[in-house]
$ cat input23.cif   # mmCIF, C-alpha atoms and all ligand atoms
data_upload
#
loop_
_atom_site.label_atom_id
_atom_site.label_comp_id
_atom_site.auth_asym_id
_atom_site.auth_seq_id
_atom_site.Cartn_x
_atom_site.Cartn_y
_atom_site.Cartn_z
CA MET S 1 -9.79 24.21 20.54
CA THR S 2 -13.13 25.64 19.55
CA ARG S 3 -14.88 24.38 16.47
CA LEU S 4 -14.50 27.78 14.85
CA ALA S 5 -10.72 27.76 15.27
CA LYS S 6 -10.57 24.28 13.76
CA VAL S 7 -12.52 25.37 10.72
CA ALA S 8 -10.17 28.31 10.23
CA LEU S 9 -7.16 26.01 10.35
CA VAL S 10 -8.53 23.75 7.64
CA GLY S 11 -7.38 26.16 4.97
CA LEU S 12 -3.82 25.95 6.22
CA GLY S 13 -3.60 22.20 5.74
CA SER S 14 -2.12 20.34 2.84
CA VAL S 15 -3.91 20.92 -0.43
CA SER S 16 -2.55 17.80 -2.04
CA GLY S 17 -4.73 14.72 -2.13
CA VAL S 18 -4.73 12.30 0.75
CA LYS S 19 -2.30 9.48 0.08
CA ALA S 20 -3.31 5.86 0.21
CA TRP S 21 -2.34 5.04 3.72
CA GLY S 22 -0.93 8.55 4.13
CA VAL S 23 2.76 9.29 3.84
CA LEU S 24 2.96 8.20 7.48
CA GLY S 25 1.52 4.75 6.87
CA HIS S 26 3.57 3.99 3.77
CA ALA S 27 6.80 5.23 5.32
CA THR S 28 6.14 3.16 8.43
CA VAL S 29 5.58 0.04 6.31
CA ALA S 30 8.88 0.84 4.58
CA TYR S 31 10.87 1.34 7.79
CA ILE S 32 9.53 -1.93 9.19
CA ALA S 33 10.53 -3.69 5.96
CA GLN S 34 14.04 -2.21 6.19
CA ASN S 35 14.32 -3.95 9.54
CA TYR S 36 13.57 -7.33 7.98
CA VAL S 37 15.58 -7.29 4.76
CA THR S 38 18.82 -9.22 4.79
CA SER S 39 22.10 -7.37 4.34
CA ASP S 40 22.35 -8.80 0.80
CA THR S 41 18.89 -7.50 -0.07
CA ALA S 42 19.68 -4.12 1.45
CA SER S 43 22.91 -3.88 -0.57
CA TRP S 44 21.08 -4.74 -3.75
CA LEU S 45 18.50 -2.04 -3.06
CA ARG S 46 20.47 0.83 -1.72
CA ASN S 47 24.18 1.19 -1.87
CA LEU S 48 27.50 0.67 -3.48
CA ARG S 49 28.41 -2.94 -4.09
CA VAL S 50 32.10 -3.66 -3.84
CA ASP S 51 31.55 -7.14 -5.27
CA GLN S 52 29.87 -6.02 -8.47
CA PRO S 53 31.09 -4.07 -11.45
CA ARG S 54 27.80 -2.23 -11.76
CA ALA S 55 28.05 -0.97 -8.26
CA GLN S 56 24.98 1.20 -7.89
CA GLY S 57 22.10 -0.20 -5.85
CA VAL S 58 18.63 -0.11 -7.38
CA LEU S 59 17.69 3.04 -5.51
CA GLY S 60 21.13 4.63 -5.30
CA ASP S 61 20.23 5.83 -1.81
CA THR S 62 22.66 5.11 1.00
CA SER S 63 20.56 6.85 3.63
CA ASP S 64 18.79 5.09 6.49
CA SER S 65 15.46 5.87 4.84
CA TYR S 66 16.08 4.30 1.46
CA LEU S 67 12.68 2.59 1.28
CA ALA S 68 10.76 5.19 3.28
CA ASN S 69 11.98 7.92 0.90
CA ILE S 70 10.25 6.30 -2.07
CA ALA S 71 7.25 4.70 -0.33
CA SER S 72 4.74 7.36 -1.43
CA TRP S 73 6.19 8.04 -4.87
CA ALA S 74 3.35 6.09 -6.50
CA ASP S 75 0.76 8.40 -4.94
CA ASP S 76 2.55 11.48 -6.28
CA TYR S 77 2.94 9.82 -9.67
CA ARG S 78 -0.76 8.97 -10.05
CA GLU S 79 -1.55 12.66 -9.53
CA THR S 80 0.51 13.64 -12.57
CA LYS S 81 -0.74 13.66 -16.14
CA ALA S 82 1.82 11.04 -17.13
CA GLY S 83 0.92 8.80 -14.19
CA LYS S 84 -2.88 8.96 -14.30
CA TRP S 85 -3.05 5.50 -15.91
CA SER S 86 -1.65 3.97 -12.71
CA ALA S 87 -4.48 5.21 -10.42
CA PRO S 88 -6.49 1.93 -10.55
CA LEU S 89 -3.43 -0.03 -9.41
CA HIS S 90 -3.73 1.33 -5.86
CA PHE S 91 -6.74 -0.81 -4.91
CA ILE S 92 -8.96 -3.74 -5.75
CA ASP S 93 -12.67 -3.03 -5.59
CA ALA S 94 -14.12 -6.11 -3.95
CA GLU S 95 -17.79 -6.25 -4.91
CA ASP S 96 -18.88 -8.03 -1.76
CA ASN S 97 -21.63 -7.01 0.64
CA PRO S 98 -20.35 -5.63 3.93
CA PRO S 99 -20.97 -5.91 6.77
CA SER S 100 -22.73 -9.25 6.24
CA ASP S 101 -20.41 -10.70 3.61
CA CYS S 102 -16.80 -9.81 2.88
CA ASN S 103 -14.64 -11.47 0.22
CA VAL S 104 -12.25 -10.74 -2.62
CA ASP S 105 -12.48 -12.51 -5.97
CA TYR S 106 -9.63 -11.62 -8.32
CA ASN S 107 -11.51 -12.52 -11.49
CA ARG S 108 -14.60 -10.61 -10.41
CA ASP S 109 -12.92 -7.60 -8.82
CA CYS S 110 -9.81 -6.75 -10.83
CA GLY S 111 -10.99 -4.40 -13.57
CA ASN S 112 -9.81 -4.10 -17.15
CA ALA S 113 -7.43 -1.29 -16.19
CA GLY S 114 -5.70 -3.42 -13.56
CA CYS S 115 -5.71 -3.46 -9.76
CA SER S 116 -3.33 -3.77 -6.83
CA ILE S 117 -3.07 -7.54 -7.26
CA SER S 118 -2.19 -7.49 -10.96
CA ALA S 119 0.24 -4.66 -10.17
CA MET S 120 1.98 -6.78 -7.55
CA ALA S 121 2.39 -9.58 -10.07
CA ASN S 122 3.73 -7.26 -12.72
CA TYR S 123 6.16 -5.27 -10.60
CA THR S 124 7.46 -8.33 -8.77
CA GLN S 125 8.39 -9.76 -12.15
CA ARG S 126 9.88 -6.49 -13.35
CA VAL S 127 11.98 -5.89 -10.24
CA GLY S 128 13.64 -9.26 -10.77
CA ASP S 129 13.93 -8.98 -14.53
CA GLY S 130 17.58 -8.52 -15.51
CA ARG S 131 16.62 -7.41 -19.01
CA LEU S 132 15.08 -4.13 -17.91
CA SER S 133 16.95 -0.86 -17.61
CA ASP S 134 18.04 0.45 -14.22
CA ALA S 135 15.36 3.11 -14.48
CA ASN S 136 12.65 0.53 -15.17
CA VAL S 137 13.75 -1.66 -12.27
CA GLN S 138 13.82 1.32 -9.93
CA GLU S 139 10.35 2.36 -11.02
CA ALA S 140 9.04 -1.19 -10.48
CA LEU S 141 10.52 -1.26 -7.00
CA LYS S 142 8.89 2.05 -6.12
CA PHE S 143 5.50 0.72 -7.22
CA LEU S 144 6.02 -2.53 -5.34
CA VAL S 145 6.98 -0.93 -2.04
CA HIS S 146 3.86 1.21 -2.22
CA PHE S 147 1.35 -1.43 -3.26
CA VAL S 148 2.28 -3.90 -0.51
CA GLY S 149 1.17 -1.11 1.82
CA ASP S 150 -2.02 -0.29 -0.05
CA LEU S 151 -3.08 -3.94 -0.03
CA THR S 152 -3.19 -3.98 3.78
CA GLN S 153 -5.54 -0.94 4.06
CA PRO S 154 -9.01 -2.56 4.32
CA LEU S 155 -10.75 0.17 2.33
CA HIS S 156 -8.30 -0.34 -0.54
CA ASP S 157 -9.85 -3.81 -0.87
CA GLU S 158 -13.51 -2.73 -0.95
CA ALA S 159 -15.80 -1.35 -3.67
CA LEU S 160 -18.61 -0.08 -1.42
CA GLU S 161 -19.00 3.69 -1.79
CA ARG S 162 -15.78 3.71 -3.84
CA GLY S 163 -13.72 2.34 -1.02
CA GLY S 164 -15.47 4.48 1.57
CA ASN S 165 -14.51 7.72 -0.19
CA GLU S 166 -18.20 8.62 -0.47
CA ILE S 167 -19.00 7.88 3.17
CA GLU S 168 -19.05 11.29 4.80
CA VAL S 169 -18.29 11.20 8.49
CA THR S 170 -17.11 13.36 11.35
CA PHE S 171 -13.76 12.55 12.91
CA ASP S 172 -12.45 14.50 15.88
CA GLY S 173 -14.55 17.51 14.92
CA TYR S 174 -13.71 17.50 11.20
CA GLN S 175 -16.01 16.63 8.32
CA ASP S 176 -14.21 14.15 6.13
CA ASN S 177 -14.67 10.72 4.60
CA LEU S 178 -14.16 7.27 6.02
CA HIS S 179 -11.43 6.39 3.54
CA ALA S 180 -9.31 9.41 4.45
CA ASP S 181 -9.71 8.63 8.14
CA TRP S 182 -8.29 5.15 7.58
CA ASP S 183 -5.56 6.33 5.22
CA THR S 184 -4.33 9.26 7.22
CA TYR S 185 -6.26 10.83 10.05
CA MET S 186 -6.54 7.87 12.42
CA PRO S 187 -2.84 6.94 12.00
CA GLU S 188 -1.79 10.58 12.51
CA LYS S 189 -4.04 10.85 15.57
CA LEU S 190 -2.27 7.84 17.06
CA VAL S 191 1.28 8.88 16.24
CA GLY S 192 0.95 12.64 16.62
CA GLY S 193 2.31 13.67 13.22
CA GLY S 194 2.90 12.62 9.64
CA GLU S 195 6.62 13.20 9.07
CA LEU S 196 9.27 10.59 8.32
CA THR S 197 10.55 10.92 11.89
CA ASP S 198 7.06 10.02 13.13
CA ALA S 199 7.04 7.02 10.81
CA LYS S 200 10.44 5.89 12.06
CA SER S 201 9.37 5.97 15.69
CA TRP S 202 6.08 4.20 14.92
CA ALA S 203 8.01 1.57 12.98
CA ASP S 204 10.39 1.07 15.91
CA THR S 205 7.42 0.53 18.21
CA LEU S 206 5.80 -1.98 15.86
CA VAL S 207 9.07 -3.85 15.26
CA GLY S 208 9.32 -4.19 19.05
CA GLU S 209 5.82 -5.67 19.09
CA ILE S 210 6.73 -8.08 16.31
CA GLN S 211 10.01 -9.11 17.91
CA SER S 212 8.89 -9.63 21.49
CA GLY S 213 5.48 -8.11 22.06
CA ASN S 214 1.84 -8.66 21.25
CA LEU S 215 2.46 -9.42 17.59
CA SER S 216 5.32 -11.89 17.98
CA SER S 217 3.14 -14.98 17.90
CA GLN S 218 1.32 -13.84 14.75
CA ALA S 219 4.06 -12.59 12.45
CA ALA S 220 5.04 -15.92 10.92
CA GLY S 221 1.44 -16.40 9.83
CA TRP S 222 1.42 -13.11 7.92
CA ILE S 223 3.91 -14.49 5.38
CA ASP S 224 2.90 -18.13 5.54
CA GLY S 225 2.57 -19.41 1.97
CA ASP S 226 3.85 -16.24 0.33
CA ASP S 227 5.19 -17.27 -3.06
CA ILE S 228 6.82 -14.99 -5.62
CA GLY S 229 6.12 -17.72 -8.17
CA ASP S 230 2.39 -17.19 -7.67
CA VAL S 231 1.93 -13.53 -6.92
CA VAL S 232 -1.75 -13.35 -7.79
CA THR S 233 -2.61 -16.01 -5.20
CA THR S 234 -0.35 -14.42 -2.60
CA ALA S 235 -1.59 -10.87 -3.10
CA THR S 236 -5.21 -12.08 -3.21
CA ARG S 237 -4.64 -13.64 0.21
CA TRP S 238 -3.28 -10.31 1.50
CA ALA S 239 -6.26 -8.46 0.03
CA SER S 240 -8.75 -10.99 1.45
CA ASP S 241 -7.16 -10.71 4.87
CA ALA S 242 -7.53 -6.92 4.86
CA ASN S 243 -10.99 -6.98 3.27
CA ALA S 244 -12.29 -9.18 6.13
CA TYR S 245 -11.77 -6.22 8.47
CA VAL S 246 -14.27 -4.19 6.42
CA CYS S 247 -16.98 -6.44 7.87
CA SER S 248 -15.54 -6.91 11.35
CA VAL S 249 -13.95 -3.55 12.17
CA VAL S 250 -14.42 -0.86 9.50
CA MET S 251 -18.22 -1.01 9.31
CA PRO S 252 -19.46 -3.83 11.56
CA ASN S 253 -22.85 -2.11 11.96
CA GLY S 254 -23.17 -0.78 8.42
CA VAL S 255 -22.61 2.65 6.91
CA ALA S 256 -25.38 4.60 8.64
CA ALA S 257 -23.98 3.77 12.07
CA LEU S 258 -20.77 5.59 11.11
CA GLN S 259 -22.64 8.78 10.29
CA SER S 260 -24.38 9.45 13.60
CA GLY S 261 -21.92 11.33 15.74
CA ASP S 262 -18.16 11.77 15.91
CA LEU S 263 -15.96 8.75 15.17
CA TYR S 264 -13.61 9.98 17.87
CA PRO S 265 -13.10 8.50 20.39
CA ASP S 266 -15.29 5.38 20.38
CA TYR S 267 -14.92 4.25 16.76
CA TYR S 268 -11.27 5.27 16.70
CA ASN S 269 -10.63 3.15 19.78
CA SER S 270 -12.36 0.19 18.15
CA ALA S 271 -10.32 0.51 14.95
CA ILE S 272 -6.86 1.80 15.77
CA GLY S 273 -5.54 -1.61 16.84
CA THR S 274 -6.41 -2.92 13.37
CA VAL S 275 -4.64 0.05 11.76
CA GLU S 276 -1.48 -0.84 13.71
CA LEU S 277 -1.81 -4.52 12.94
CA GLN S 278 -2.17 -3.87 9.19
CA ILE S 279 0.80 -1.51 9.06
CA ALA S 280 2.91 -4.09 10.89
CA LYS S 281 1.80 -6.81 8.48
CA GLY S 282 2.60 -4.66 5.46
CA GLY S 283 6.14 -3.98 6.66
CA TYR S 284 6.84 -7.57 7.62
CA ARG S 285 5.50 -8.88 4.33
CA LEU S 286 7.41 -6.32 2.28
CA GLY S 287 10.74 -7.17 3.91
CA ASN S 288 10.19 -10.86 3.31
CA TRP S 289 8.97 -10.28 -0.25
CA LEU S 290 12.08 -8.29 -1.17
CA ASN S 291 14.27 -11.02 0.33
CA MET S 292 12.46 -13.61 -1.77
CA ILE S 293 12.90 -11.60 -4.96
CA TYR S 294 16.57 -11.13 -4.18
CA LYS S 295 17.07 -14.84 -3.56
CA ALA S 296 15.09 -16.06 -6.57
CA SER S 297 16.21 -13.53 -9.16
CA ILE S 298 19.08 -11.30 -8.16
CA ALA S 299 21.39 -13.68 -6.30
CA LYS S 300 21.14 -16.27 -9.07
CA ARG S 301 21.83 -13.71 -11.73
CA ASP S 302 24.86 -12.42 -9.84
CA LEU S 303 26.24 -15.94 -9.62
CA SER S 304 25.82 -16.54 -13.33
CA GLY S 305 27.36 -13.17 -14.07
CA VAL S 306 24.45 -12.01 -16.19
CA LEU S 307 23.86 -8.40 -15.41
CA GLY S 308 23.26 -6.88 -18.79
CA GLU S 309 20.08 -5.61 -20.28
CA SER S 310 18.58 -7.04 -23.41
CA ASP S 311 18.11 -4.90 -26.48
CA ASP S 312 14.38 -5.41 -26.49
CA PRO S 313 12.80 -6.08 -23.12
CA THR S 314 9.43 -4.80 -24.50
CA PRO S 315 8.31 -3.72 -21.07
CA ASP S 316 4.58 -3.80 -20.45
CA ILE S 317 4.46 -1.35 -17.60
CA GLY S 318 0.71 -1.81 -17.19
CA GLY S 319 0.99 -5.56 -16.57
CA HIS S 320 -1.89 -6.49 -18.86
CA ASP S 321 -0.71 -10.08 -19.12
CA PHE S 322 -1.74 -10.64 -15.53
CA LEU S 323 -5.31 -9.39 -15.84
CA PRO S 324 -8.46 -11.51 -15.79
CA ALA S 325 -10.32 -11.78 -19.10
CA ARG S 326 -11.77 -8.49 -20.32
CA ARG S 327 -15.45 -7.95 -19.61
CA ALA S 328 -18.05 -5.21 -19.45
CA PRO S 329 -17.47 -2.96 -16.45
CA SER S 330 -19.71 -3.39 -13.41
CA ARG S 331 -21.60 -0.51 -11.79
CA ALA S 332 -18.91 -0.23 -9.14
CA GLN S 333 -16.23 -0.07 -11.81
CA LEU S 334 -18.11 2.66 -13.66
CA ALA S 335 -18.47 4.60 -10.41
CA ARG S 336 -14.75 4.29 -9.78
CA ALA S 337 -13.97 5.38 -13.33
CA ALA S 338 -16.10 8.49 -12.72
CA MET S 339 -13.69 9.26 -9.88
CA GLY S 340 -10.88 9.28 -12.42
CA GLY S 341 -10.03 5.75 -11.34
CA SER S 342 -8.47 7.18 -8.21
CA CYS S 343 -8.23 5.54 -4.82
CA CYS S 344 -8.46 8.36 -2.37
CA ASN S 345 -10.39 11.57 -1.95
CA ALA S 346 -9.70 14.38 0.46
CA ARG S 347 -12.17 17.11 -0.31
CA HIS S 348 -12.09 18.20 3.30
CA ASN S 349 -8.47 18.46 4.27
CA HIS S 350 -7.57 18.54 7.93
ZN ZN I 1 -6.39 5.53 0.17
ZN ZN I 2 -1.64 4.16 -3.05
#

$ encode --input "input23.cif" --output "structure tokens" --more "lines below"
Ligand SMILES: [Zn+2]
Ligand SMILES: [Zn+2]
Amino acid sequence: MTRLAKVALVGLGSVSGVKAWGVLGHATVAYIAQNYVTSDTASWLRNLRVDQPRAQGVLGDTSDSYLANIASWADDYRETKAGKWSAPLHFIDAEDNPPSDCNVDYNRDCGNAGCSISAMANYTQRVGDGRLSDANVQEALKFLVHFVGDLTQPLHDEALERGGNEIEVTFDGYQDNLHADWDTYMPEKLVGGGELTDAKSWADTLVGEIQSGNLSSQAAGWIDGDDIGDVVTTATRWASDANAYVCSVVMPNGVAALQSGDLYPDYYNSAIGTVELQIAKGGYRLGNWLNMIYKASIAKRDLSGVLGESDDPTPDIGGHDFLPARRAPSRAQLARAAMGGSCCNARHNH
């Protein structure tokens, strides 16, 4: 296709913002997780429960896409007026110094408005909290499914240039930004589309790799030490793991090196294996995490017969209890606030 034809097609693309990991990435994480939840966990989440009086699953969705269907809800929600407050929960802005030094420090990097790590702690607690209403539990689950995915995207764990949103690059002939390439355009280039059916087939491929392929020897390590009793430590480990790729894969030669020439095919070829690895990790971790919540909170509650909601659960949907001590915002935090606290820009839609 000529460059001119590509430019003309830009206007026909989606006008909505790029999603954190696009719809494709989040749905793939969700489908992989569906493969690893136990039948008890799946019943709790999705369908009618013959053994319980309150027989509706959390999601009330008996389809084969019950997690994939809600995996990008949080991105749609943050775009609404009512959901704007949740925008900072999609990332943690690690104020490290790539490519020479990568690290995540929860107390340094989680801002006063919250971050992906505090959100994980909050929604993990809320999903398992029998005092909350069905609607509140469902909402917490939708956040949780999404944020496990966001945490594995390296540029969702990096403050530099607002998570790479301000790094203008060329990818496969299009002018866009590095963040959007990692969220959406590199995954879609690999898979060939961004629909749920594309996510399902990508998930099947990655599950095969986890079960008996290249990833089989690593998978146990992805969840090693995961502890729903200490979510901040667990999610910080996930964020640190992804953030390390900012130095080694995302920008190993610094920012300027990304802006001289097209990122396709050489950079894409150097990075796409990490994209696949991170999506696989997200799905495997999410399945295990949901099983752990079920075991620790739901199964116990079912046994004791306590299913009711309290009169006053006083839900703190923002999870402020989990935040580090308040402090004056850093320059990176002010820059992010100027972006409306959002995670992901797509001024140049493909
Ligand atoms: Zn994003
Ligand atoms: Zn997101």

$ residues_near_ligand --input "input23.cif" --ligand "ligand ZN 1 (chain I)" --cutoff "12 Å" --atoms "all atoms listed in the file" --output "PyMOL selection string"
chain S and resi 17-23+25-26+72+74-75+87-92+146-147+149-158+162-165+177-185+342-346

$ atom_distance --input "input23.cif" --atom1 "atom CA of S:Ala199" --atom2 "atom CA of S:Thr38"
20.9 Å

$ atom_distance --input "input23.cif" --atom1 "atom CA of S:Asn69" --atom2 "atom CA of S:Gly340"
26.5 Å

$ atom_distance --input "input23.cif" --atom1 "atom CA of S:Gly318" --atom2 "atom CA of S:Asp40"
29.0 Å

$ closest_residue --input "input23.cif" --among "S:Cys110, S:Ala121, S:Ala239, S:Leu196" --to "S:Ala332" --atoms "all atoms listed in the file"
S:Cys110

$ residues_near_point --input "input23.cif" --point "(-12.8, 16.9, 16.1)" --cutoff "8 Å" --atoms "all atoms listed in the file" --output "ChimeraX atom specification"
/S:3,170-174,262,264

$ residues_around --input "input23.cif" --residues "S:Ser39" --least-positions-apart "4" --cutoff "12 Å" --atoms "all atoms listed in the file" --output "list in words"
Gln34, Asn35, Ser43, Trp44, Leu45, Arg46, Asn47, Arg49, Gly287, Leu290, Asn291, Tyr294 and Lys295 of chain S

$ closest_residue --input "input23.cif" --among "S:Trp289, S:Tyr267, S:Tyr77, S:Tyr106" --to "ligand ZN 2 (chain I)" --atoms "all atoms listed in the file"
S:Tyr77

$ closest_residue --input "input23.cif" --among "S:Gly128, S:Tyr66, S:Val148, S:Thr236" --to "ligand ZN 2 (chain I)" --atoms "only C-alpha atoms and all ligand atoms"
S:Val148

$ closest_residue --input "input23.cif" --among "S:Tyr31, S:Trp202, S:Trp238, S:Trp73" --to "ligand ZN 2 (chain I)" --atoms "only C-alpha atoms and all ligand atoms"
S:Trp73

$ axis_aligned_box --input "input23.cif" --around "stretch 20-32 of chain S" --padding-each-side "3 Å" --output "AutoDock Vina command-line options"
--center_x 3.8 --center_y 3.7 --center_z 4.7 --size_x 20.2 --size_y 17.2 --size_z 15.0
